[in-house]
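Asker: Got model.txt for you, compact mmCIF, C-alpha atoms:
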```txt
# COMPACT_ATOMS: atom_id res chain seq x y z
CA MET A 1 0.00 0.00 0.00
CA SER A 2 2.66 2.49 0.97
CA ARG A 3 4.69 1.38 -2.02
CA GLN A 4 1.72 2.10 -4.26
CA ARG A 5 1.39 5.61 -2.87
CA HIS A 6 5.07 6.27 -3.29
CA GLU A 7 4.88 5.19 -6.93
CA GLU A 8 2.03 7.56 -7.54
CA GLU A 9 4.03 10.55 -6.38
CA LEU A 10 6.72 9.65 -8.89
CA LEU A 11 4.35 10.06 -11.83
CA GLY A 12 4.58 13.87 -11.86
CA PRO A 13 8.38 14.00 -11.86
CA TYR A 14 8.30 11.13 -14.36
CA VAL A 15 6.36 13.12 -16.98
CA LEU A 16 8.57 16.13 -16.24
CA GLY A 17 11.54 13.94 -17.15
CA VAL A 18 13.54 14.58 -14.00
CA LEU A 19 13.74 11.06 -12.54
CA ASP A 20 16.93 9.02 -12.57
CA GLU A 21 17.10 5.78 -14.52
CA ALA A 22 16.28 3.52 -11.60
CA ASP A 23 13.12 5.49 -10.76
CA VAL A 24 12.11 5.65 -14.43
CA ARG A 25 12.37 1.85 -14.62
CA ARG A 26 10.27 1.45 -11.49
CA VAL A 27 7.57 3.77 -12.78
CA GLU A 28 7.45 2.11 -16.17
CA GLU A 29 7.25 -1.35 -14.67
CA HIS A 30 4.43 -0.25 -12.42
CA VAL A 31 2.55 1.68 -15.09
CA GLY A 32 2.80 -1.38 -17.34
CA ASP A 33 0.24 -3.22 -15.24
CA CYS A 34 -1.70 -0.45 -13.50
CA VAL A 35 -4.45 1.09 -15.62
CA GLN A 36 -5.15 3.81 -13.10
CA CYS A 37 -1.57 5.06 -13.11
CA ARG A 38 -1.43 4.84 -16.89
CA GLU A 39 -4.39 7.20 -17.13
CA GLU A 40 -2.81 9.46 -14.55
CA VAL A 41 0.37 9.65 -16.62
CA ALA A 42 -1.65 10.58 -19.71
CA ALA A 43 -3.43 13.36 -17.81
CA LEU A 44 -0.22 14.69 -16.29
CA ARG A 45 1.47 14.64 -19.69
CA GLU A 46 -1.19 16.98 -20.95
CA MET A 47 -0.22 19.39 -18.16
CA GLU A 48 3.44 19.04 -19.08
CA ARG A 49 2.52 19.99 -22.66
CA ALA A 50 0.54 22.97 -21.35
CA LEU A 51 3.63 24.20 -19.50
CA GLY A 52 5.37 24.25 -22.86
CA GLU A 53 3.06 27.06 -23.97
CA VAL A 54 4.78 29.41 -21.57
CA PRO A 55 8.28 30.58 -22.53
CA ALA A 56 10.95 30.38 -19.86
CA GLU A 57 11.45 34.14 -20.13
CA ALA A 58 8.02 34.61 -18.56
CA PHE A 59 9.69 34.15 -15.18
CA LEU A 60 12.02 37.12 -15.46
CA ASP A 61 10.94 40.12 -13.43
CA GLY A 62 11.59 43.82 -13.52
CA PRO A 63 12.59 46.25 -16.25
CA PRO A 64 15.05 45.28 -19.00
CA GLN A 65 18.69 45.63 -18.12
CA GLY A 66 20.74 48.39 -19.65
CA GLY A 67 18.93 51.67 -19.22
CA ASP A 68 15.52 53.01 -20.10
CA LEU A 69 16.19 54.27 -23.62
CA LEU A 70 13.52 51.89 -24.90
CA LEU A 71 11.00 53.24 -22.41
CA ARG A 72 11.72 56.83 -23.35
CA ARG A 73 11.40 55.98 -27.04
CA THR A 74 8.03 54.35 -26.39
CA LEU A 75 6.76 57.30 -24.35
CA ARG A 76 7.79 59.64 -27.16
CA GLN A 77 5.74 57.62 -29.61
CA VAL A 78 2.73 57.65 -27.30
CA ARG A 79 2.97 61.42 -27.09
CA SER A 80 3.10 61.79 -30.86
CA GLU A 81 0.21 59.33 -31.39
CA ARG A 82 -1.82 61.25 -28.87
CA ALA A 83 -1.04 64.51 -30.63
CA ALA A 84 -2.09 63.01 -33.97
CA LEU A 85 -5.30 61.83 -32.38
CA ALA A 86 -6.01 65.29 -31.00
CA ARG A 87 -5.32 66.83 -34.42
CA ARG A 88 -7.73 64.41 -36.02
CA ARG A 89 -10.38 65.30 -33.46
CA TYR A 90 -9.92 69.04 -34.01
CA GLY A 91 -10.06 68.40 -37.76
CA LEU A 92 -13.46 66.77 -37.37
CA ALA A 93 -14.68 69.60 -35.17
CA GLY A 94 -13.60 72.03 -37.86
CA LEU A 95 -15.55 70.09 -40.46
CA ALA A 96 -18.70 70.18 -38.36
CA ALA A 97 -18.28 73.88 -37.77
CA ALA A 98 -17.88 74.44 -41.50
CA ALA A 99 -21.05 72.50 -42.24
CA ALA A 100 -22.96 74.52 -39.69
CA LEU A 101 -21.63 77.75 -41.13
CA ALA A 102 -22.60 76.67 -44.62
CA ALA A 103 -26.11 75.81 -43.54
CA VAL A 104 -26.66 79.07 -41.72
CA PHE A 105 -25.07 81.56 -44.07
CA TRP A 106 -25.21 79.80 -47.42
CA ALA A 107 -22.18 81.83 -48.35
CA GLY A 108 -19.56 80.52 -50.74
CA THR A 109 -16.79 82.54 -49.15
CA GLN A 110 -17.47 81.12 -45.70
CA LEU A 111 -17.49 77.62 -47.09
CA GLY A 112 -14.22 78.19 -48.86
CA THR A 113 -12.49 79.44 -45.75
CA GLY A 114 -13.77 76.57 -43.65
CA GLY A 115 -12.78 74.07 -46.33
CA SER A 116 -9.21 75.21 -46.72
CA GLY A 117 -8.84 75.28 -42.95
CA ASN A 118 -9.82 71.64 -42.83
CA VAL A 119 -7.37 70.67 -45.48
CA ALA A 120 -4.59 72.24 -43.53
CA GLN A 121 -5.67 70.38 -40.39
CA ALA A 122 -6.20 66.97 -41.94
CA PRO A 123 -3.98 64.31 -40.36
CA PRO A 124 -1.09 63.06 -42.44
CA PRO A 125 -1.94 59.78 -44.18
CA SER A 126 -0.77 57.01 -41.91
CA PRO A 127 -0.12 53.42 -42.98
CA ALA A 128 -0.63 52.24 -39.43
CA VAL A 129 -3.74 50.18 -38.87
CA SER A 130 -3.87 51.16 -35.23
CA PRO A 131 -7.40 50.79 -33.94
CA ALA A 132 -8.83 53.74 -32.09
CA PRO A 133 -7.98 53.47 -28.41
CA SER A 134 -11.03 51.96 -26.79
CA ALA A 135 -9.68 52.40 -23.27
CA VAL A 136 -10.79 55.26 -21.11
CA PRO A 137 -7.98 57.79 -21.08
CA GLY A 138 -6.03 57.74 -17.86
CA THR A 139 -6.77 54.10 -17.10
CA ARG A 140 -4.07 52.62 -14.92
CA VAL A 141 -3.11 48.99 -14.48
CA ALA A 142 -0.89 47.72 -11.71
CA SER A 143 -0.23 44.44 -9.98
CA ALA A 144 1.63 43.17 -6.95
CA THR A 145 2.33 40.02 -4.97
CA ASP A 146 2.61 40.15 -1.21
CA ARG A 147 5.67 38.15 -0.17
CA GLY A 148 4.28 37.52 3.29
CA THR A 149 0.78 36.28 2.46
CA GLY A 150 1.44 35.07 -1.08
CA SER A 151 -1.67 36.94 -2.24
CA ARG A 152 -1.64 38.57 -5.62
CA MET A 153 -3.72 41.30 -7.20
CA THR A 154 -3.86 42.94 -10.58
CA VAL A 155 -6.00 46.03 -10.56
CA GLN A 156 -7.27 48.38 -13.22
CA VAL A 157 -8.37 51.85 -12.16
CA VAL A 158 -10.64 53.57 -14.68
CA PRO A 159 -11.43 57.26 -14.19
CA ALA A 160 -15.07 58.34 -14.23
CA ALA A 161 -16.28 61.93 -13.75
CA ALA A 162 -14.88 62.53 -10.25
CA TRP A 163 -14.69 58.92 -9.12
CA VAL A 164 -13.18 55.63 -10.27
CA ARG A 165 -14.23 52.21 -11.44
CA VAL A 166 -12.00 49.47 -10.09
CA HIS A 167 -11.52 46.04 -11.67
CA ALA A 168 -9.45 43.63 -9.63
CA ALA A 169 -8.26 40.06 -10.01
CA VAL A 170 -7.22 38.59 -6.66
CA THR A 171 -5.63 35.22 -5.98
CA GLY A 172 -3.86 33.53 -3.09
CA VAL A 173 -6.19 34.55 -0.24
CA PRO A 174 -7.11 31.64 2.10
CA PRO A 175 -10.61 30.18 1.69
CA GLY A 176 -13.36 31.53 3.92
CA GLU A 177 -11.79 34.96 4.39
CA ARG A 178 -14.33 37.77 4.26
CA CYS A 179 -12.52 40.31 2.15
CA ARG A 180 -12.89 43.96 1.27
CA LEU A 181 -11.45 45.76 -1.71
CA VAL A 182 -10.30 49.14 -0.40
CA VAL A 183 -9.27 52.22 -2.37
CA VAL A 184 -6.88 54.43 -0.39
CA SER A 185 -6.59 58.05 -1.46
CA ARG A 186 -3.53 60.27 -1.14
CA ASP A 187 -4.84 61.91 2.03
CA GLY A 188 -5.28 58.49 3.62
CA THR A 189 -9.07 58.24 3.23
CA ARG A 190 -10.22 54.67 2.73
CA SER A 191 -13.23 53.79 0.55
CA THR A 192 -14.54 50.27 0.27
CA ALA A 193 -15.08 49.42 -3.40
CA GLY A 194 -16.55 45.98 -2.80
CA GLY A 195 -16.37 42.77 -0.81
CA TRP A 196 -16.56 39.00 -1.16
CA VAL A 197 -15.98 35.74 0.67
CA VAL A 198 -13.12 33.64 -0.68
CA GLY A 199 -14.38 30.32 -2.02
CA THR A 200 -12.66 26.97 -1.67
CA ALA A 201 -10.97 25.42 -4.69
CA GLU A 202 -10.92 21.64 -5.03
CA ASN A 203 -7.35 21.44 -3.80
CA GLY A 204 -8.48 23.11 -0.57
CA GLU A 205 -6.93 26.46 -1.35
CA GLY A 206 -8.68 29.77 -1.78
CA LYS A 207 -10.37 30.47 -5.09
CA GLY A 208 -9.27 33.45 -7.14
CA ALA A 209 -11.79 36.25 -7.50
CA SER A 210 -12.44 38.77 -10.22
CA LEU A 211 -14.27 41.85 -9.01
CA ASP A 212 -15.72 45.06 -10.34
CA GLY A 213 -16.24 47.91 -7.93
CA SER A 214 -16.19 51.66 -7.63
CA ALA A 215 -15.15 54.34 -5.19
CA ALA A 216 -15.91 58.03 -4.71
CA VAL A 217 -12.29 58.99 -5.14
CA ALA A 218 -10.98 61.04 -8.07
CA ALA A 219 -8.61 59.01 -10.26
CA ALA A 220 -5.71 61.36 -9.61
CA ASP A 221 -6.14 60.92 -5.86
CA VAL A 222 -5.92 57.11 -5.81
CA LYS A 223 -2.77 56.10 -3.96
CA GLU A 224 -3.25 52.36 -3.58
CA VAL A 225 -5.79 49.59 -3.78
CA LEU A 226 -5.67 46.84 -1.19
CA VAL A 227 -7.41 43.68 -0.07
CA GLU A 228 -8.05 43.16 3.62
CA ASN A 229 -10.28 40.98 5.76
CA GLU A 230 -12.88 42.26 8.18
CA ALA A 231 -10.37 42.18 11.01
CA GLY A 232 -8.20 44.61 9.06
CA LYS A 233 -5.45 42.18 8.04
CA THR A 234 -4.05 43.26 4.68
CA PHE A 235 -3.42 40.46 2.18
CA VAL A 236 -2.03 42.46 -0.69
CA SER A 237 -1.66 46.12 -1.50
CA VAL A 238 -1.06 47.52 -4.98
CA PRO A 239 0.40 51.03 -5.24
CA VAL A 240 -1.16 53.01 -8.09
CA ARG A 241 0.98 55.68 -9.62
CA ALA A 242 -0.42 59.05 -10.53
CA MET B 1 -5.88 78.81 -24.52
CA ALA B 2 -4.96 77.40 -21.15
CA GLY B 3 -8.30 75.66 -20.61
CA PRO B 4 -8.11 72.54 -22.78
CA LEU B 5 -4.38 72.20 -22.29
CA TRP B 6 -4.60 71.28 -18.65
CA PRO B 7 -6.67 68.08 -18.81
CA ARG B 8 -4.69 66.88 -21.79
CA THR B 9 -1.46 67.21 -19.87
CA ARG B 10 -2.91 65.29 -16.98
CA ARG B 11 -4.19 62.58 -19.22
CA GLY B 12 -0.76 62.36 -20.78
CA SER B 13 0.92 61.74 -17.47
CA THR B 14 -1.40 58.82 -16.61
CA ASP B 15 -0.89 57.25 -20.04
CA GLU B 16 2.81 57.44 -19.46
CA ALA B 17 2.43 56.01 -15.97
CA LEU B 18 0.59 53.01 -17.38
CA ILE B 19 3.33 52.28 -19.90
CA THR B 20 6.05 52.90 -17.36
CA SER B 21 4.52 50.49 -14.86
CA VAL B 22 4.05 47.78 -17.48
CA TYR B 23 7.63 48.33 -18.63
CA GLU B 24 9.05 48.18 -15.13
CA GLU B 25 7.21 45.02 -14.22
CA HIS B 26 7.35 43.06 -17.47
CA GLY B 27 10.03 44.71 -19.60
CA HIS B 28 12.79 42.24 -18.81
CA ALA B 29 10.65 39.21 -19.64
CA LEU B 30 9.36 40.82 -22.85
CA LEU B 31 12.73 41.91 -24.16
CA ALA B 32 14.43 38.60 -23.35
CA TYR B 33 11.65 36.69 -25.09
CA ALA B 34 11.59 38.93 -28.15
CA THR B 35 15.40 38.79 -28.37
CA ARG B 36 15.37 34.99 -28.42
CA LEU B 37 12.64 34.83 -31.08
CA THR B 38 14.11 37.47 -33.38
CA GLY B 39 17.77 36.75 -32.63
CA ASP B 40 18.34 40.49 -32.88
CA ARG B 41 18.37 42.97 -30.01
CA ALA B 42 17.37 46.00 -32.11
CA ALA B 43 14.44 44.17 -33.71
CA ALA B 44 13.42 42.90 -30.28
CA GLU B 45 13.35 46.44 -28.91
CA ASP B 46 11.02 47.47 -31.73
CA VAL B 47 8.77 44.56 -30.89
CA VAL B 48 8.68 45.49 -27.20
CA GLN B 49 7.91 49.07 -28.09
CA GLU B 50 4.99 47.99 -30.28
CA THR B 51 3.80 45.61 -27.54
CA LEU B 52 3.77 48.42 -24.97
CA LEU B 53 1.83 50.62 -27.37
CA ARG B 54 -0.77 47.94 -27.85
CA ALA B 55 -1.02 47.52 -24.09
CA TRP B 56 -1.67 51.25 -23.86
CA ARG B 57 -4.34 51.14 -26.57
CA HIS B 58 -6.04 48.12 -25.03
CA SER B 59 -5.42 48.55 -21.34
CA GLU B 60 -8.91 47.26 -20.60
CA ALA B 61 -7.92 43.87 -22.05
CA LEU B 62 -5.06 43.53 -19.60
CA VAL B 63 -7.18 42.50 -16.65
CA ASN B 64 -10.47 41.36 -18.10
CA GLY B 65 -9.93 37.62 -18.16
CA LYS B 66 -8.47 34.66 -16.38
CA GLY B 67 -5.21 34.92 -18.23
CA SER B 68 -2.27 36.82 -16.81
CA VAL B 69 -1.13 40.29 -17.83
CA ARG B 70 2.31 38.94 -18.61
CA GLY B 71 0.86 36.14 -20.72
CA TRP B 72 -1.10 38.71 -22.70
CA LEU B 73 2.01 40.80 -23.31
CA LEU B 74 4.16 37.83 -24.33
CA THR B 75 1.46 36.63 -26.70
CA VAL B 76 1.13 40.06 -28.28
CA ALA B 77 4.92 40.20 -28.72
CA ARG B 78 5.00 36.78 -30.33
CA ASN B 79 2.19 37.69 -32.71
CA ILE B 80 3.96 40.86 -33.77
CA ILE B 81 7.08 38.83 -34.56
CA THR B 82 5.09 36.19 -36.40
CA ASP B 83 3.23 38.79 -38.45
CA ARG B 84 6.46 40.52 -39.42
CA TYR B 85 7.98 37.22 -40.38
CA ARG B 86 4.91 36.39 -42.46
CA ALA B 87 5.02 39.78 -44.15
CA LYS B 88 8.62 39.14 -45.11
CA ALA B 89 7.88 35.64 -46.36
CA ALA B 90 5.07 36.96 -48.54
CA ARG B 91 7.46 39.20 -50.48
CA PRO B 92 9.35 37.73 -53.44
CA PRO B 93 12.64 36.32 -52.20
CA GLU B 94 15.53 38.75 -52.33
CA VAL B 95 18.63 37.62 -54.13
CA SER B 96 20.96 38.01 -51.21
CA GLY B 97 18.34 37.22 -48.58
CA ALA B 98 19.83 35.13 -45.84
CA ALA B 99 18.13 31.76 -45.67
CA ALA B 100 17.62 32.09 -41.96
CA ALA B 101 15.58 29.49 -40.14
CA PRO B 102 12.06 30.64 -39.33
CA PRO B 103 12.34 32.48 -36.02
CA VAL B 104 9.03 31.14 -34.76
CA GLU B 105 6.54 28.50 -35.72
CA VAL B 106 4.19 30.05 -38.23
CA ASP B 107 0.98 28.41 -37.19
CA HIS B 108 0.29 29.68 -33.72
CA ALA B 109 -3.46 30.02 -33.93
CA ASP B 110 -4.15 27.53 -31.17
CA SER B 111 -1.25 28.21 -28.90
CA VAL B 112 -1.97 31.95 -28.94
CA VAL B 113 -4.50 31.65 -26.21
CA ASP B 114 -2.66 29.12 -24.16
CA THR B 115 0.33 31.18 -23.07
CA MET B 116 -2.07 33.49 -21.31
CA THR B 117 -4.20 30.73 -19.90
CA VAL B 118 -1.30 28.63 -18.66
CA LEU B 119 0.49 31.58 -17.11
CA GLY B 120 -2.80 32.62 -15.52
CA ALA B 121 -3.18 29.09 -14.15
CA LEU B 122 0.38 29.10 -12.79
CA ASP B 123 -0.44 32.37 -11.04
CA ARG B 124 -3.22 30.59 -9.20
CA LEU B 125 -0.98 27.84 -7.82
CA THR B 126 0.56 28.18 -4.38
CA PRO B 127 4.04 29.75 -4.47
CA GLU B 128 5.55 26.36 -3.45
CA HIS B 129 3.92 24.59 -6.37
CA ARG B 130 4.78 27.34 -8.82
CA ASP B 131 8.39 27.46 -7.68
CA VAL B 132 9.02 23.74 -8.02
CA LEU B 133 7.64 23.74 -11.59
CA THR B 134 9.65 26.85 -12.45
CA GLU B 135 12.88 25.21 -11.28
CA LEU B 136 12.32 21.79 -12.83
CA TYR B 137 10.62 22.76 -16.05
CA TYR B 138 11.57 26.29 -17.01
CA ARG B 139 15.03 26.48 -15.46
CA GLU B 140 15.68 22.84 -16.42
CA CYS B 141 17.18 22.05 -13.04
CA SER B 142 17.78 18.47 -11.91
CA VAL B 143 15.96 17.28 -8.79
CA ALA B 144 19.18 17.77 -6.79
CA GLU B 145 19.69 21.32 -8.10
CA ALA B 146 16.07 22.24 -7.45
CA ALA B 147 16.34 20.79 -3.92
CA ASP B 148 19.39 22.93 -3.35
CA ARG B 149 17.82 26.12 -4.73
CA LEU B 150 14.54 25.66 -2.89
CA GLY B 151 16.13 24.41 0.33
CA ILE B 152 14.02 21.24 0.57
CA PRO B 153 14.92 17.52 0.38
CA ALA B 154 15.08 15.85 -3.05
CA GLY B 155 12.17 13.57 -2.13
CA THR B 156 10.03 16.61 -1.41
CA VAL B 157 10.96 18.16 -4.76
CA LYS B 158 9.63 15.05 -6.50
CA SER B 159 6.39 14.73 -4.58
CA ARG B 160 5.79 18.48 -4.69
CA ALA B 161 6.29 18.46 -8.47
CA HIS B 162 3.71 15.72 -8.68
CA TYR B 163 1.12 17.60 -6.64
CA ALA B 164 1.92 20.83 -8.47
CA LEU B 165 0.99 19.21 -11.80
CA LYS B 166 -2.17 17.82 -10.25
CA ALA B 167 -3.05 21.24 -8.82
CA LEU B 168 -2.50 22.77 -12.25
CA ARG B 169 -4.94 20.28 -13.70
CA GLU B 170 -7.47 21.27 -11.05
CA VAL B 171 -7.08 24.94 -11.94
CA PHE B 172 -7.73 24.14 -15.60
CA ALA B 173 -10.69 21.91 -14.78
CA ASP B 174 -12.03 24.65 -12.51
CA GLY B 175 -11.63 27.27 -15.20
CA ALA B 176 -13.31 25.03 -17.75
CA ARG B 177 -16.28 24.48 -15.46
CA GLU B 178 -16.54 28.15 -14.52
CA GLY B 179 -16.29 29.38 -18.07
CA ASN B 180 -18.36 26.45 -19.36
CA ARG B 181 -16.35 26.77 -22.53
CA SER B 182 -14.52 23.47 -22.63
CA LYS B 183 -16.40 20.22 -22.85
CA ARG B 184 -13.43 18.03 -21.98
CA SER B 185 -12.35 18.65 -18.42
CA GLY B 186 -8.66 19.15 -17.91
CA ARG B 187 -8.31 21.11 -21.12
CA PRO B 188 -7.18 24.71 -20.79
CA PRO B 189 -10.24 26.93 -21.10
CA GLN B 190 -10.50 29.35 -23.99
CA GLN B 191 -10.24 33.07 -23.46
CA PRO B 192 -13.22 35.36 -23.98
CA GLY B 193 -13.68 36.44 -27.57
CA GLY B 194 -12.72 40.05 -26.99
CA LEU B 195 -9.32 39.14 -25.70
CA ARG B 196 -8.65 36.85 -28.62
CA GLU B 197 -9.55 39.67 -30.96
CA VAL B 198 -7.07 42.03 -29.40
CA VAL B 199 -4.30 39.49 -29.24
CA ALA B 200 -4.72 37.93 -32.68
```
Would you give me this structure, written as structure tokens?

Answerer:
Amino acid sequence: MSRQRHEEELLGPYVLGVLDEADVRRVEEHVGDCVQCREEVAALREMERALGEVPAEAFLDGPPQGGDLLLRRTLRQVRSERAALARRRYGLAGLAAAAALAAVFWAGTQLGTGGSGNVAQAPPPSPAVSPAPSAVPGTRVASATDRGTGSRMTVQVVPAAAWVRVHAAVTGVPPGERCRLVVVSRDGTRSTAGGWVVGTAENGEGKGASLDGSAAVAAADVKEVLVENEAGKTFVSVPVRA
Amino acid sequence: MAGPLWPRTRRGSTDEALITSVYEEHGHALLAYATRLTGDRAAAEDVVQETLLRAWRHSEALVNGKGSVRGWLLTVARNIITDRYRAKAARPPEVSGAAAAPPVEVDHADSVVDTMTVLGALDRLTPEHRDVLTELYYRECSVAEAADRLGIPAGTVKSRAHYALKALREVFADGAREGNRSKRSGRPPQQPGGLREVVA
């Protein structure tokens, strides 16, 4: 019985290919006449294949080494794309104004002036097939893992008129915890954006949660978003940059 | 006119904060990955730049699903590289064109979604389970090396690796049930359509 159990625990490392020859032989002998373990190996192999979909580089953290030239270049491009977008918008506004003028005054001279103004403001033809940004301007995304609790949160803060929508994905909180999603503003005010009770996954650990909430805090004033239980224990806190 | 200038400036600074935070958290992974696929640091930097721009344009897609943010970014980077490679291949061959090996597999339609899903699933494992798989699978450590790096006995490395794979299967099965998108349990669930659209 204990031998059987021991064999079973070798199946995972077996499909990962990390066992030594003696262990490999033992597993293969056992799997040869145990249907249950054969099925287990097939299922675990599928997981091993799934791991192959993730490149090893996915486990590197932080910014690239060797300076932030790349970042600055990217920010420059964002600025110029935004400027082009603004130009396009003003161009359209000009067109509408011209149409209105034409309708009201019916005057050829007015039309001509408006028309040439639009030509001058038209955006340069761009080969880029960039879709219009569908995100709300000023949306911020941040994530963090708490080393102490092992909890993890990725949060998106979307500005509304003078408040924010908050979308959070939280994992690694123990099952049964009654949690609150709290938005902390720069002056230290805390607003609860939502709450939930952590469910139990089949392996006995806490289920991840995906939440939508909101808080009466202006987007520019959001300092951090955190998850705590009702006793005030903080599981993970994500700083949000202005 | 000072009026309209002010909100635009403010909006600009938050856009830049978004890109900066994505860069600071994921830049190393992105650039290393793109460098391996393209075999060229300058080309890789262009790919990372384009990836960051797409993240900025589609920031709502970054946290809308079960997949991970990093998985989304890596997938976008890979698709940019694949598309550029395809564009090159579609042109008539140049006389002096180097017959370089294809930098990436061309048909990635199915695997596109899985990098995100698998990385998202790994995120949901306990740190112990995630670490043992990272050491054994992605760092290609032996059991003895992993035991040394993790500070646990070799026997524990083996059994933990076993339960980590089983836990991963549970996460997938869970996701498949929740999303009700996959009929066969144990298969990685598909991403929502919107995400696929942005990534593809």

Asker: May I have the residues of chain B within 6 Å of chain A, counting only C-alpha atoms, written as a list in words?

Answerer: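 The contacting residues on chain B are Arg11, Thr14, Asp15, Leu18, Tyr23, Glu24, Glu25, His26, Gly27, His28, Ala29, Tyr33, Gln49, Arg57, His58, Glu60, Thr115, Tyr138, Lys158, Ser159, Ala161 and His162 of chain B.
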
Asker: Can you tell me how far CA of Thr75 in chain B sits from CA of Val166 in chain A, in Å to one decimal?

Answerer: 24.9 Å

Asker: What does the distance between CA of Val69 in chain B and CA of Thr51 in chain B come to in Å, to one decimal place?

Answerer: 12.1 Å

Asker: Rounded to one decimal, what separation in Å do you get between CA of Ser185 in chain A and CA of Ala17 in chain B?

Answerer: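 Taking CA of Ser185 in chain A as the start and CA of Ala17 in chain B as the end point, the length is 17.2 Å.
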
Asker: Do a neighbour search on Thr189 in chain A at 10 Å with all atoms listed in the file, toss out local chain neighbours closer than 3 positions, and write the hits as a list in words.

Answerer: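 These residues fall inside the cut-off: Val182, Val183, Val184, Ser185, Arg186, Val217, Asp221, Val222 and Lys223 of chain A.
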
Asker: Please determine, counting all atoms listed in the file, which residue among B:Ile19, B:Leu122, B:Ala77, B:Leu150 has the shortest atom-to-atom distance to Glu45 in chain B.

Answerer: B:Ala77

Asker: With 4 Å added on each side, what axis-aligned box encloses every listed atom of range 64-78 of chain A? Give the centre and edge lengths in Å to one decimal, as AutoDock Vina command-line options.

Answerer:
```
--center_x 11.7 --center_y 52.5 --center_z -23.9 --size_x 26.0 --size_y 22.4 --size_z 19.5
```

Asker: Report as a list in words all protein, DNA and RNA residues lying within 8 Å of Cys179 in chain A, evaluated on only C-alpha atoms, omitting residues in the same chain fewer than 5 positions from it.

Answerer: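 So, after excluding close chain neighbours, the residues are Gly195, Trp196, Val197, Val198, Val227, Glu228, Asn229 and Glu230 of chain A.
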
Asker: Between B:Val143, B:Glu135, B:Leu73, B:Ile81, which has the minimum distance to Ser59 in chain B (counting all atoms listed in the file)?

Answerer: B:Leu73
